[in-house]
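What's in protein05.cif: mmCIF, C-alpha atoms and all ligand atoms
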```cif
data_final
loop_
_atom_site.label_atom_id
_atom_site.label_comp_id
_atom_site.auth_asym_id
_atom_site.auth_seq_id
_atom_site.Cartn_x
_atom_site.Cartn_y
_atom_site.Cartn_z
CA MET J 1 122.39 82.59 72.24
CA ASP J 2 122.29 83.73 75.86
CA GLN J 3 126.03 84.24 75.95
CA PRO J 4 127.73 86.28 73.26
CA ALA J 5 130.61 84.54 71.54
CA ASP J 6 132.95 87.39 72.40
CA ARG J 7 132.62 87.19 76.14
CA THR J 8 135.69 86.67 78.22
CA ASP J 9 135.97 84.03 80.90
CA SER J 10 135.03 86.63 83.49
CA GLY J 11 131.64 87.00 81.86
CA GLU J 12 132.36 90.59 80.84
CA PRO J 13 131.93 91.68 77.24
CA GLU J 14 135.14 92.01 75.32
CA GLN J 15 135.88 95.68 75.89
CA GLN J 16 138.28 94.92 78.67
CA THR J 17 140.38 92.76 76.39
CA LEU J 18 140.20 95.15 73.47
CA PHE J 19 141.99 98.12 74.91
CA GLU J 20 143.88 97.11 78.00
CA TRP J 21 146.14 99.84 79.28
CA ALA J 22 149.24 97.98 78.10
CA ASP J 23 147.77 97.87 74.61
CA THR J 24 147.47 101.56 74.19
CA ALA J 25 151.07 102.62 73.64
CA PRO J 26 151.44 104.57 70.39
CA ALA J 27 151.16 102.19 67.48
CA GLN J 28 154.15 101.64 65.21
CA THR J 29 153.55 100.48 61.66
CA VAL J 30 155.73 100.25 58.62
CA ASP J 31 154.02 103.17 56.86
CA GLY J 32 153.61 105.16 60.08
CA THR J 33 149.81 105.04 60.06
CA PHE J 34 147.67 103.89 62.96
CA ARG J 35 145.15 102.25 60.63
CA HIS J 36 147.59 99.39 59.93
CA SER J 37 148.50 98.82 63.58
CA PRO J 38 147.46 95.80 65.67
CA GLN J 39 145.32 98.12 67.81
CA ALA J 40 143.40 99.30 64.75
CA ARG J 41 142.89 95.73 63.55
CA ARG J 42 141.42 94.76 66.89
CA MET J 43 138.78 97.40 66.32
CA LEU J 44 138.18 96.66 62.66
CA ASP J 45 139.50 93.58 60.90
CA VAL J 46 137.24 93.36 57.88
CA ARG J 47 136.69 89.81 56.61
CA GLU J 48 133.45 90.33 54.74
CA VAL J 49 131.99 93.16 52.68
CA TYR J 50 128.38 93.55 51.60
CA ALA J 51 128.17 96.11 48.85
CA GLU J 52 125.78 97.71 46.44
CA PRO J 53 127.23 97.34 42.90
CA ALA J 54 127.24 101.12 42.42
CA ALA J 55 129.23 101.53 45.63
CA LEU J 56 131.81 98.99 44.47
CA ASP J 57 132.14 100.81 41.12
CA SER J 58 132.71 104.23 42.69
CA PRO J 59 136.20 105.68 43.22
CA ARG J 60 135.76 105.56 47.01
CA GLY J 61 134.45 102.01 46.86
CA ARG J 62 137.42 100.93 44.75
CA GLN J 63 139.83 102.68 47.12
CA ILE J 64 138.32 100.94 50.15
CA MET J 65 138.37 97.53 48.47
CA ALA J 66 142.00 98.02 47.36
CA ARG J 67 142.83 98.25 51.05
CA LEU J 68 141.01 94.99 51.75
CA PRO J 69 142.66 92.47 49.42
CA GLY J 70 141.17 89.00 49.47
CA VAL J 71 138.13 90.00 51.50
CA ARG J 72 134.92 88.22 50.49
CA VAL J 73 132.39 90.50 48.77
CA THR J 74 128.67 89.86 48.58
CA GLU J 75 126.72 92.16 46.30
CA VAL J 76 123.42 93.38 47.70
CA ALA J 77 120.61 95.38 46.14
CA SER J 78 120.37 97.77 49.10
CA HIS J 79 122.49 98.51 52.13
CA TRP J 80 119.23 98.77 54.03
CA GLN J 81 118.20 95.18 53.44
CA ILE J 82 120.76 92.53 54.23
CA PRO J 83 118.72 89.86 56.03
CA SER J 84 121.72 87.83 57.17
CA LEU J 85 123.23 90.92 58.76
CA HIS J 86 120.52 93.23 60.00
CA GLY J 87 118.14 92.73 62.86
CA ASN J 88 119.25 91.49 66.23
CA ASP J 89 118.05 87.96 66.80
CA GLY J 90 120.67 86.09 64.78
CA ASN J 91 123.47 88.42 65.78
CA ILE J 92 123.29 88.47 69.55
CA GLY J 93 125.65 85.51 69.78
CA ARG J 94 128.30 87.18 67.62
CA TRP J 95 127.64 90.82 68.40
CA ALA J 96 131.15 92.28 68.51
CA ARG J 97 132.47 89.91 65.84
CA THR J 98 129.93 91.23 63.35
CA LYS J 99 131.01 94.77 64.17
CA THR J 100 134.71 93.89 63.84
CA GLU J 101 134.65 91.80 60.71
CA THR J 102 131.84 93.13 58.54
CA LEU J 103 131.66 96.25 56.42
CA VAL J 104 128.84 97.47 54.21
CA LEU J 105 129.31 99.79 51.26
CA GLY J 106 126.34 101.73 49.99
CA VAL J 107 125.27 104.85 48.15
CA LYS J 108 123.41 107.53 50.06
CA HIS J 109 120.60 108.65 47.81
CA LYS J 110 118.80 111.19 49.95
CA LEU J 111 121.12 114.06 50.80
CA VAL J 112 119.41 116.28 53.34
CA THR J 113 120.79 118.72 55.90
CA ARG J 114 118.46 119.01 58.88
CA PRO J 115 118.29 121.86 61.39
CA ASN J 116 119.31 120.95 64.95
CA GLY J 117 120.08 123.94 67.18
CA ARG J 118 121.34 122.02 70.21
CA SER J 119 124.75 120.47 69.67
CA ALA J 120 125.08 121.77 66.13
CA ASP J 121 123.19 124.21 63.97
CA TRP J 122 122.76 121.57 61.29
CA ILE J 123 122.97 117.83 60.91
CA ALA J 124 124.79 117.09 57.67
CA PRO J 125 124.08 113.93 55.72
CA GLY J 126 126.47 111.49 57.34
CA ALA J 127 129.06 109.59 55.37
CA SER J 128 128.38 106.44 57.39
CA ASN J 129 125.77 104.62 59.41
CA GLY J 130 126.46 102.08 62.14
CA CYS J 131 129.52 101.57 64.27
CA ALA J 132 132.27 99.08 65.08
CA MET J 133 131.98 99.96 68.75
CA ALA J 134 129.12 98.66 70.86
CA CYS J 135 128.04 101.14 73.52
CA ALA J 136 125.15 99.55 75.37
CA TYR J 137 123.00 102.70 75.16
CA CYS J 138 123.68 103.46 71.50
CA TYR J 139 120.64 104.47 69.50
CA VAL J 140 122.58 105.03 66.28
CA PRO J 141 122.02 101.80 64.37
CA ARG J 142 118.47 101.14 65.52
CA ARG J 143 116.94 101.26 62.05
CA LYS J 144 119.03 98.30 60.93
CA GLY J 145 119.03 96.42 64.21
CA TYR J 146 121.38 97.24 67.02
CA ALA J 147 124.14 94.84 65.89
CA ASN J 148 124.61 97.05 62.84
CA PRO J 149 128.25 97.25 61.72
CA ILE J 150 129.61 100.20 59.74
CA THR J 151 128.00 101.12 56.44
CA LEU J 152 130.20 103.52 54.51
CA PHE J 153 128.62 105.70 51.87
CA THR J 154 130.88 105.84 48.86
CA ASN J 155 129.33 108.85 47.08
CA ILE J 156 131.38 111.15 49.27
CA GLU J 157 131.85 113.71 46.48
CA ALA J 158 128.07 114.21 46.37
CA ILE J 159 127.87 114.48 50.17
CA VAL J 160 130.68 117.06 50.28
CA ALA J 161 129.18 119.03 47.37
CA HIS J 162 125.79 119.06 49.11
CA VAL J 163 127.32 120.35 52.35
CA ARG J 164 129.32 123.02 50.52
CA ARG J 165 126.20 124.26 48.77
CA HIS J 166 124.32 124.37 52.06
CA VAL J 167 127.10 126.36 53.75
CA HIS J 168 127.36 128.83 50.88
CA ALA J 169 123.59 129.36 50.86
CA ARG J 170 123.64 130.29 54.56
CA GLY J 171 126.20 133.07 54.28
CA PRO J 172 127.95 134.26 57.44
CA LYS J 173 126.48 133.57 60.88
CA THR J 174 125.44 136.94 62.23
CA GLU J 175 124.13 135.99 65.69
CA PRO J 176 126.12 133.93 68.18
CA ASN J 177 124.32 130.96 69.67
CA GLN J 178 125.04 127.99 71.92
CA CYS J 179 126.46 125.98 69.03
CA ASP J 180 129.16 128.51 68.20
CA PRO J 181 129.58 132.28 68.39
CA LYS J 182 130.68 132.73 64.78
CA ALA J 183 130.46 129.61 62.64
CA TRP J 184 127.56 127.50 61.45
CA VAL J 185 128.22 124.13 63.04
CA TYR J 186 127.49 120.98 61.01
CA ASP J 187 127.41 117.62 62.75
CA ILE J 188 129.04 115.19 60.33
CA GLY J 189 128.82 112.06 62.48
CA GLU J 190 125.23 111.68 63.61
CA ASN J 191 124.95 107.99 62.80
CA GLY J 192 128.39 106.62 63.54
CA ASP J 193 131.87 107.47 64.78
CA CYS J 194 134.03 109.34 62.26
CA SER J 195 137.26 108.31 64.02
CA VAL J 196 136.58 104.62 63.48
CA ASP J 197 135.31 105.16 59.94
CA ALA J 198 138.72 106.67 59.20
CA LEU J 199 140.34 103.29 59.81
CA VAL J 200 138.95 102.04 56.51
CA SER J 201 137.99 105.04 54.43
CA ASP J 202 138.96 108.61 53.64
CA ASN J 203 135.39 109.90 54.08
CA THR J 204 136.26 111.62 57.36
CA ALA J 205 139.41 113.10 55.80
CA ASP J 206 137.42 114.45 52.87
CA LEU J 207 134.89 116.14 55.13
CA VAL J 208 137.61 117.65 57.32
CA ALA J 209 139.36 118.91 54.17
CA ALA J 210 136.15 120.44 52.83
CA PHE J 211 135.49 122.41 56.01
CA ARG J 212 139.09 123.64 56.01
CA HIS J 213 138.00 125.92 53.15
CA LEU J 214 134.61 126.96 54.58
CA PRO J 215 135.36 129.95 56.82
CA THR J 216 131.73 130.49 57.84
CA ALA J 217 131.21 126.92 58.99
CA LYS J 218 132.67 124.24 61.20
CA ALA J 219 132.35 120.45 61.15
CA SER J 220 131.68 118.70 64.44
CA PHE J 221 131.62 115.08 65.52
CA ALA J 222 131.51 113.19 68.79
CA THR J 223 133.89 110.31 69.28
CA LYS J 224 134.83 107.60 71.74
CA PHE J 225 137.80 106.36 69.78
CA VAL J 226 141.26 107.91 69.58
CA ASN J 227 142.55 107.50 66.04
CA PRO J 228 145.96 109.19 65.79
CA ASP J 229 145.71 109.22 61.99
CA LEU J 230 143.26 112.12 62.34
CA LEU J 231 146.13 114.25 63.64
CA ALA J 232 147.49 114.48 60.10
CA LEU J 233 144.31 115.90 58.51
CA ASP J 234 145.17 119.60 59.02
CA PRO J 235 141.67 120.87 59.96
CA ARG J 236 142.89 124.45 60.58
CA GLY J 237 140.32 125.06 63.29
CA ARG J 238 137.32 124.20 61.12
CA THR J 239 136.54 120.83 62.74
CA ARG J 240 135.42 120.35 66.32
CA VAL J 241 136.12 116.99 67.92
CA ARG J 242 133.90 116.22 70.89
CA PHE J 243 135.46 113.55 73.06
CA SER J 244 132.71 111.81 75.01
CA VAL J 245 133.60 111.15 78.63
CA MET J 246 131.93 109.43 81.56
CA PRO J 247 133.21 107.96 84.84
CA ALA J 248 135.56 105.05 84.19
CA ASP J 249 133.41 102.51 86.05
CA ASP J 250 130.40 103.36 83.88
CA ALA J 251 132.50 103.31 80.72
CA ARG J 252 133.92 99.88 81.51
CA LEU J 253 130.41 98.51 81.70
CA LEU J 254 128.71 100.54 78.97
CA ASP J 255 131.24 101.84 76.43
CA ILE J 256 132.03 98.48 74.90
CA ARG J 257 134.97 98.38 72.45
CA THR J 258 135.82 102.07 72.88
CA THR J 259 139.10 103.77 73.82
CA PRO J 260 139.27 104.06 77.64
CA VAL J 261 138.12 107.45 78.90
CA PRO J 262 141.53 108.52 80.32
CA GLU J 263 143.03 107.91 76.87
CA ARG J 264 140.41 110.10 75.23
CA ILE J 265 141.18 112.88 77.68
CA ALA J 266 144.92 112.43 77.22
CA ALA J 267 144.50 112.84 73.45
CA ALA J 268 142.82 116.25 73.73
CA ALA J 269 146.00 118.33 73.63
CA ASP J 270 147.36 116.44 70.63
CA PHE J 271 144.15 117.09 68.71
CA LEU J 272 144.18 120.76 69.66
CA ASP J 273 147.80 121.08 68.57
CA ALA J 274 146.92 119.38 65.29
CA GLY J 275 144.38 122.12 64.52
CA TYR J 276 141.10 120.77 65.89
CA GLU J 277 138.82 122.55 68.28
CA VAL J 278 138.39 120.13 71.19
CA HIS J 279 135.19 119.96 73.20
CA PHE J 280 133.81 117.33 75.54
CA ASN J 281 130.50 115.52 75.69
CA LEU J 282 129.62 114.64 79.26
CA SER J 283 127.48 111.80 78.08
CA PRO J 284 125.51 109.94 78.75
CA VAL J 285 125.05 110.83 82.40
CA VAL J 286 123.78 107.66 84.05
CA LEU J 287 122.20 108.03 87.47
CA ARG J 288 123.13 105.39 90.03
CA PRO J 289 124.29 105.30 93.63
CA GLY J 290 127.61 107.16 93.77
CA TRP J 291 127.22 108.96 90.42
CA GLU J 292 127.96 112.38 91.91
CA ARG J 293 131.20 111.23 93.54
CA ASP J 294 132.39 109.57 90.33
CA TRP J 295 131.52 112.55 88.13
CA ALA J 296 133.34 114.80 90.62
CA ASP J 297 136.39 112.53 90.28
CA LEU J 298 136.17 112.67 86.50
CA LEU J 299 135.91 116.47 86.44
CA THR J 300 138.83 116.70 88.86
CA HIS J 301 140.82 114.45 86.56
CA LEU J 302 140.02 116.73 83.59
CA ASP J 303 141.15 119.69 85.64
CA ASP J 304 144.35 117.95 86.71
CA VAL J 305 145.55 116.64 83.37
CA LEU J 306 144.37 119.05 80.69
CA PRO J 307 146.78 121.83 79.79
CA THR J 308 145.62 125.42 79.93
CA ARG J 309 145.46 125.74 76.16
CA VAL J 310 142.86 122.95 76.02
CA LYS J 311 140.85 124.42 78.89
CA ASP J 312 140.85 127.88 77.33
CA GLN J 313 138.91 126.73 74.27
CA ALA J 314 136.91 123.83 75.71
CA ALA J 315 133.16 123.64 76.10
CA ALA J 316 130.87 120.78 76.96
CA GLU J 317 127.50 119.27 76.28
CA ILE J 318 125.71 117.40 79.03
CA ILE J 319 123.45 114.65 77.81
CA MET J 320 121.42 112.66 80.27
CA LEU J 321 120.82 109.03 79.36
CA THR J 322 118.04 108.25 76.94
CA HIS J 323 117.27 104.56 76.62
CA ASN J 324 114.82 102.57 74.62
CA GLN J 325 112.61 99.59 75.39
CA ALA J 326 113.63 97.61 72.31
CA LEU J 327 117.32 98.18 73.03
CA HIS J 328 116.76 97.11 76.64
CA GLU J 329 115.38 93.80 75.43
CA VAL J 330 118.26 93.31 72.98
CA ASN J 331 120.85 94.09 75.65
CA LEU J 332 119.37 91.51 77.99
CA GLY J 333 120.49 88.96 75.38
CA TRP J 334 124.16 89.96 75.19
CA HIS J 335 125.05 92.27 78.06
CA PRO J 336 122.46 92.10 80.86
CA ARG J 337 124.73 93.75 83.45
CA ALA J 338 124.55 96.99 81.48
CA GLU J 339 120.82 96.96 81.99
CA ASP J 340 121.28 97.07 85.77
CA LEU J 341 122.51 100.61 85.18
CA LEU J 342 120.49 101.66 82.17
CA TRP J 343 117.05 100.34 83.04
CA GLN J 344 115.64 101.94 86.18
CA PRO J 345 111.86 102.21 85.75
CA GLU J 346 111.41 103.73 89.20
CA ILE J 347 113.12 106.97 88.12
CA GLN J 348 112.46 106.82 84.37
CA GLU J 349 109.45 107.58 82.23
CA THR J 350 108.59 106.38 78.76
CA LYS J 351 107.64 108.45 75.79
CA ARG J 352 106.63 107.22 72.36
CA SER J 353 108.79 108.86 69.71
CA GLN J 354 107.58 109.97 66.28
CA ASN J 355 108.72 106.69 64.73
CA GLY J 356 106.74 104.68 67.28
CA ALA J 357 109.68 103.58 69.45
CA LEU J 358 109.25 103.60 73.22
CA ASN J 359 112.01 105.85 74.54
CA VAL J 360 112.93 105.93 78.20
CA ARG J 361 114.20 109.02 79.99
CA TYR J 362 114.75 110.09 83.55
CA ALA J 363 111.60 111.63 84.93
CA LEU J 364 111.60 115.39 84.49
CA GLU J 365 112.07 116.30 88.12
CA THR J 366 114.86 113.74 88.59
CA LYS J 367 116.57 114.97 85.46
CA GLN J 368 116.37 118.62 86.40
CA ARG J 369 117.63 117.98 89.92
CA SER J 370 120.55 115.97 88.53
CA LEU J 371 121.45 118.65 86.02
CA VAL J 372 121.55 121.26 88.77
CA ARG J 373 123.82 119.00 90.78
CA LEU J 374 126.08 118.38 87.80
CA ARG J 375 126.37 122.10 87.13
CA HIS J 376 127.44 122.57 90.75
CA LEU J 377 130.05 119.85 90.34
CA LEU J 378 131.36 121.59 87.24
CA SER J 379 131.59 124.92 89.06
CA ALA J 380 133.47 123.26 91.89
CA HIS J 381 135.86 121.00 89.96
CA ALA J 382 136.17 122.31 86.40
CA PRO J 383 134.96 125.92 86.42
CA TRP J 384 136.71 126.57 83.10
CA LEU J 385 134.45 124.09 81.32
CA ARG J 386 131.68 126.17 79.77
CA ILE J 387 128.45 124.27 79.22
CA ARG J 388 127.18 124.73 75.69
CA TYR J 389 123.99 122.91 76.39
CA ALA J 390 122.44 120.38 78.72
CA PHE J 391 119.77 117.98 77.62
S1 LIG K 1 130.70 105.14 69.68
FE1 LIG K 1 128.80 106.24 69.31
S2 LIG K 1 127.97 105.34 67.43
FE2 LIG K 1 129.50 103.91 68.20
S3 LIG K 1 128.36 102.44 69.48
FE3 LIG K 1 129.12 104.08 70.84
S4 LIG K 1 127.42 105.56 70.96
FE4 LIG K 1 127.08 104.24 69.16
#
```
Once more with this new file: its structure as structure tokens, please.
Ligand code: SF4
Amino acid sequence: MDQPADRTDSGEPEQQTLFEWADTAPAQTVDGTFRHSPQARRMLDVREVYAEPAALDSPRGRQIMARLPGVRVTEVASHWQIPSLHGNDGNIGRWARTKTETLVLGVKHKLVTRPNGRSADWIAPGASNGCAMACAYCYVPRRKGYANPITLFTNIEAIVAHVRRHVHARGPKTEPNQCDPKAWVYDIGENGDCSVDALVSDNTADLVAAFRHLPTAKASFATKFVNPDLLALDPRGRTRVRFSVMPADDARLLDIRTTPVPERIAAAADFLDAGYEVHFNLSPVVLRPGWERDWADLLTHLDDVLPTRVKDQAAAEIIMLTHNQALHEVNLGWHPRAEDLLWQPEIQETKRSQNGALNVRYALETKQRSLVRLRHLLSAHAPWLRIRYAF
């Protein structure tokens, strides 16, 4: 159990073997979609589905299962309670395999849009929970255990109808704010990565299509995965993609199973040309010896490779690392080297969150000093990159 099954001989987790540079040439498939390419299958190669009966009976559930012929299905009473899947202890040894090979289908019963005000005006009820990628700092799947693979919610019509009603009830945005000057921004991917979800379901496509016809609002999601199939969704400016970026050395250690950062940056112009607004998340910022030099290099790279049309509309969020004591302990079981970077008690402080978890953040003074420094780096190396907010 000390060593995950998916480690390479070098002792590194499998990210390095998932998306080597040579692997990332544009995928060619018979039907022209990325989702059927070898690269896509290395991210998600579903061998087992756990599903609520109502999810299996739904049109979206049937569509997903039709794309997974021969895959074993286990019916479950609730997507929240799958003892053989959730929790961390039994999954540490097969961490990435669980994320690659397992899919959960459920029905989202509580449809609530929550106010946010930082990255987005509103957090929409997400169409998924969990992720096939395995970033070492990820808080997303904590309620099901950190090994949580993707749960797709199949009642997408209800989710879209709820969001539409919420947008219509707001009316036009009359005051610009840091989220957007004109549109109400709805985060549609709080608990997962919409780009990966789109490998197995049309939930992301349906949300992008819905916002296409909502002129007072805009969808927004952060992603660490370049899925070229999203280029065909025709968002007409009503969906903002936020590519998360961090220095390549940090990403190699922390952003397990994701698309390499240079690839994410290289995709920005294609997404803009396909009708998306393209922003960047500078996140998480991890403090370590040499962090300023490496962030300066990353910002210089952005400045060097991004075309003017991307720069002209870009904005960024800066998010300093937040970690968590429980996640720290889990990571020590499958990827302890990540904790050398993430767990630095001498410059971090703990705070108990509302749900009782012990969260770990950089001490206030350290954080503020680092944010000032990062703003200076932005002014020097990427002055066109407007900061929407820093946290
Ligand atoms: S891509 Fe996002 S949701 Fe997926 S593991 Fe990384 S941080 Fe979590």
Report as a Markdown table the residues of chain J within 6 Å of ligand LIG 1 (chain K), each with its shortest atom pair and distance in Å (one decimal), using all atoms listed in the file, ordered by chain and increasing residue number.
```
| residue | atom | partner | partner_atom | distance |
| --- | --- | --- | --- | --- |
| J:Cys131 | CA | K:LIG1 | FE2 | 4.6 |
| J:Met133 | CA | K:LIG1 | S3 | 4.4 |
| J:Ala134 | CA | K:LIG1 | S3 | 4.1 |
| J:Cys135 | CA | K:LIG1 | FE3 | 4.1 |
| J:Cys138 | CA | K:LIG1 | FE4 | 4.2 |
| J:Val140 | CA | K:LIG1 | FE4 | 5.4 |
| J:Gly192 | CA | K:LIG1 | S2 | 4.1 |
| J:Asp193 | CA | K:LIG1 | S2 | 5.2 |
| J:Lys224 | CA | K:LIG1 | S1 | 5.2 |
```
Region 242-255 of chain J environment, 10 Å, only C-alpha atoms, sequence neighbours closer than 6 positions dropped, as a ChimeraX atom specification: /J:12-13,15-16,133-138,220-226,261-262,264-265,267-268,276-286,288,291-299,302,314-318,335,337-339,341-342
The selected residues should be written to file as a PDB file, in the coordinates of the input (atoms: C-alpha atoms).
```pdb
ATOM      1  CA  GLU J  12     132.360  90.590  80.840  1.00  0.00           C
ATOM      2  CA  PRO J  13     131.930  91.680  77.240  1.00  0.00           C
ATOM      3  CA  GLN J  15     135.880  95.680  75.890  1.00  0.00           C
ATOM      4  CA  GLN J  16     138.280  94.920  78.670  1.00  0.00           C
ATOM      5  CA  MET J 133     131.980  99.960  68.750  1.00  0.00           C
ATOM      6  CA  ALA J 134     129.120  98.660  70.860  1.00  0.00           C
ATOM      7  CA  CYS J 135     128.040 101.140  73.520  1.00  0.00           C
ATOM      8  CA  ALA J 136     125.150  99.550  75.370  1.00  0.00           C
ATOM      9  CA  TYR J 137     123.000 102.700  75.160  1.00  0.00           C
ATOM     10  CA  CYS J 138     123.680 103.460  71.500  1.00  0.00           C
ATOM     11  CA  SER J 220     131.680 118.700  64.440  1.00  0.00           C
ATOM     12  CA  PHE J 221     131.620 115.080  65.520  1.00  0.00           C
ATOM     13  CA  ALA J 222     131.510 113.190  68.790  1.00  0.00           C
ATOM     14  CA  THR J 223     133.890 110.310  69.280  1.00  0.00           C
ATOM     15  CA  LYS J 224     134.830 107.600  71.740  1.00  0.00           C
ATOM     16  CA  PHE J 225     137.800 106.360  69.780  1.00  0.00           C
ATOM     17  CA  VAL J 226     141.260 107.910  69.580  1.00  0.00           C
ATOM     18  CA  VAL J 261     138.120 107.450  78.900  1.00  0.00           C
ATOM     19  CA  PRO J 262     141.530 108.520  80.320  1.00  0.00           C
ATOM     20  CA  ARG J 264     140.410 110.100  75.230  1.00  0.00           C
ATOM     21  CA  ILE J 265     141.180 112.880  77.680  1.00  0.00           C
ATOM     22  CA  ALA J 267     144.500 112.840  73.450  1.00  0.00           C
ATOM     23  CA  ALA J 268     142.820 116.250  73.730  1.00  0.00           C
ATOM     24  CA  TYR J 276     141.100 120.770  65.890  1.00  0.00           C
ATOM     25  CA  GLU J 277     138.820 122.550  68.280  1.00  0.00           C
ATOM     26  CA  VAL J 278     138.390 120.130  71.190  1.00  0.00           C
ATOM     27  CA  HIS J 279     135.190 119.960  73.200  1.00  0.00           C
ATOM     28  CA  PHE J 280     133.810 117.330  75.540  1.00  0.00           C
ATOM     29  CA  ASN J 281     130.500 115.520  75.690  1.00  0.00           C
ATOM     30  CA  LEU J 282     129.620 114.640  79.260  1.00  0.00           C
ATOM     31  CA  SER J 283     127.480 111.800  78.080  1.00  0.00           C
ATOM     32  CA  PRO J 284     125.510 109.940  78.750  1.00  0.00           C
ATOM     33  CA  VAL J 285     125.050 110.830  82.400  1.00  0.00           C
ATOM     34  CA  VAL J 286     123.780 107.660  84.050  1.00  0.00           C
ATOM     35  CA  ARG J 288     123.130 105.390  90.030  1.00  0.00           C
ATOM     36  CA  TRP J 291     127.220 108.960  90.420  1.00  0.00           C
ATOM     37  CA  GLU J 292     127.960 112.380  91.910  1.00  0.00           C
ATOM     38  CA  ARG J 293     131.200 111.230  93.540  1.00  0.00           C
ATOM     39  CA  ASP J 294     132.390 109.570  90.330  1.00  0.00           C
ATOM     40  CA  TRP J 295     131.520 112.550  88.130  1.00  0.00           C
ATOM     41  CA  ALA J 296     133.340 114.800  90.620  1.00  0.00           C
ATOM     42  CA  ASP J 297     136.390 112.530  90.280  1.00  0.00           C
ATOM     43  CA  LEU J 298     136.170 112.670  86.500  1.00  0.00           C
ATOM     44  CA  LEU J 299     135.910 116.470  86.440  1.00  0.00           C
ATOM     45  CA  LEU J 302     140.020 116.730  83.590  1.00  0.00           C
ATOM     46  CA  ALA J 314     136.910 123.830  75.710  1.00  0.00           C
ATOM     47  CA  ALA J 315     133.160 123.640  76.100  1.00  0.00           C
ATOM     48  CA  ALA J 316     130.870 120.780  76.960  1.00  0.00           C
ATOM     49  CA  GLU J 317     127.500 119.270  76.280  1.00  0.00           C
ATOM     50  CA  ILE J 318     125.710 117.400  79.030  1.00  0.00           C
ATOM     51  CA  HIS J 335     125.050  92.270  78.060  1.00  0.00           C
ATOM     52  CA  ARG J 337     124.730  93.750  83.450  1.00  0.00           C
ATOM     53  CA  ALA J 338     124.550  96.990  81.480  1.00  0.00           C
ATOM     54  CA  GLU J 339     120.820  96.960  81.990  1.00  0.00           C
ATOM     55  CA  LEU J 341     122.510 100.610  85.180  1.00  0.00           C
ATOM     56  CA  LEU J 342     120.490 101.660  82.170  1.00  0.00           C
TER      57      LEU J 342
END
```
Counting all atoms listed in the file, the option among J:Asn129, J:Gln325, J:Thr350, J:Gln39 closest to Gly189 (chain J):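 Nearest to Gly189 (chain J): J:Asn129.
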Top pick for closest residue to Ala390 (chain J), considering J:Gln344, J:Gln178, J:Asn355, J:Asn324 and counting only C-alpha atoms: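 The closest residue to Ala390 (chain J) is J:Gln178.
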One-decimal distance in Å that lies between CA of Val305 (chain J) and CA of Leu385 (chain J):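 Value for the CA of Leu385 (chain J)-CA of Val305 (chain J) distance: 13.5 Å.
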Pairwise distance for CA of Leu377 (chain J) and CA of Thr300 (chain J), rounded to one decimal in Å: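 One can read the CA of Leu377 (chain J) to CA of Thr300 (chain J) distance as 9.4 Å.
Near region 111-113 of chain J, within 7 Å and counting only C-alpha atoms, sit Lys108, Trp122, Ile123, Ala124, Pro125 and Ile159 of chain J; same-chain residues fewer than 3 positions away were not included.
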Exercise: Tyr186 (chain J) partners within 12 Å, only C-alpha atoms, chain neighbours under 5 positions left out, as number ranges by chain: J: 113-126, 160, 163-164, 166-167, 170, 179-180, 207-208, 210-211, 214, 216-222, 238-241
Length of the CA of Thr100 (chain J) to CA of Ala77 (chain J) vector [Å]: 22.7 Å
Shortest interatomic distance to Pro83 (chain J) - which of J:Lys110, J:Gly145, J:Val310, J:Gly70, counting all atoms listed in the file: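 Going through J:Lys110, J:Gly145, J:Val310, J:Gly70 one by one, the smallest distance to Pro83 (chain J) is for J:Gly145.
The shortest atom-to-atom distance to Asn359 (chain J), with only C-alpha atoms taken into account, belongs to J:Ala326 out of J:Leu378, J:Val196, J:Ala209, J:Ala326.
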Distance query His86 (chain J) at most 10 Å, all atoms listed in the file, self and fewer than 3 positions along chain excluded, as a ChimeraX atom specification: /J:79-83,89-91,141-149
Using all atoms listed in the file: which of J:Glu75, J:Arg60, J:Gly93, J:Leu231 has the shortest distance to Asn331 (chain J):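 Ranking J:Glu75, J:Arg60, J:Gly93, J:Leu231 by distance to Asn331 (chain J), first place goes to J:Gly93.
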Shortest interatomic distance to Ile150 (chain J) - which of J:Glu349, J:Glu52, J:Glu101, J:Asp187, counting all atoms listed in the file: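 With all atoms listed in the file as the atom set, the closest residue is J:Glu101.
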Which residues of region 63-115 of chain J come within 9 Å of region 53-59 of chain J, and for each one, what is the closest pair of atoms and their distance in Å to one decimal, counting all atoms listed in the file, sorted by chain and residue number, as JSON lines?
```
{"residue": "J:Gln63", "atom": "CA", "partner": "J:Pro59", "partner_atom": "CA", "distance": 6.1}
{"residue": "J:Ile64", "atom": "CA", "partner": "J:Pro59", "partner_atom": "CA", "distance": 8.7}
{"residue": "J:Met65", "atom": "CA", "partner": "J:Leu56", "partner_atom": "CA", "distance": 7.8}
{"residue": "J:Glu75", "atom": "CA", "partner": "J:Pro53", "partner_atom": "CA", "distance": 6.2}
{"residue": "J:Val76", "atom": "CA", "partner": "J:Pro53", "partner_atom": "CA", "distance": 7.3}
{"residue": "J:Ala77", "atom": "CA", "partner": "J:Pro53", "partner_atom": "CA", "distance": 7.6}
{"residue": "J:Leu105", "atom": "CA", "partner": "J:Ala55", "partner_atom": "CA", "distance": 5.9}
{"residue": "J:Gly106", "atom": "CA", "partner": "J:Ala55", "partner_atom": "CA", "distance": 5.2}
{"residue": "J:Val107", "atom": "CA", "partner": "J:Ala55", "partner_atom": "CA", "distance": 5.7}
```
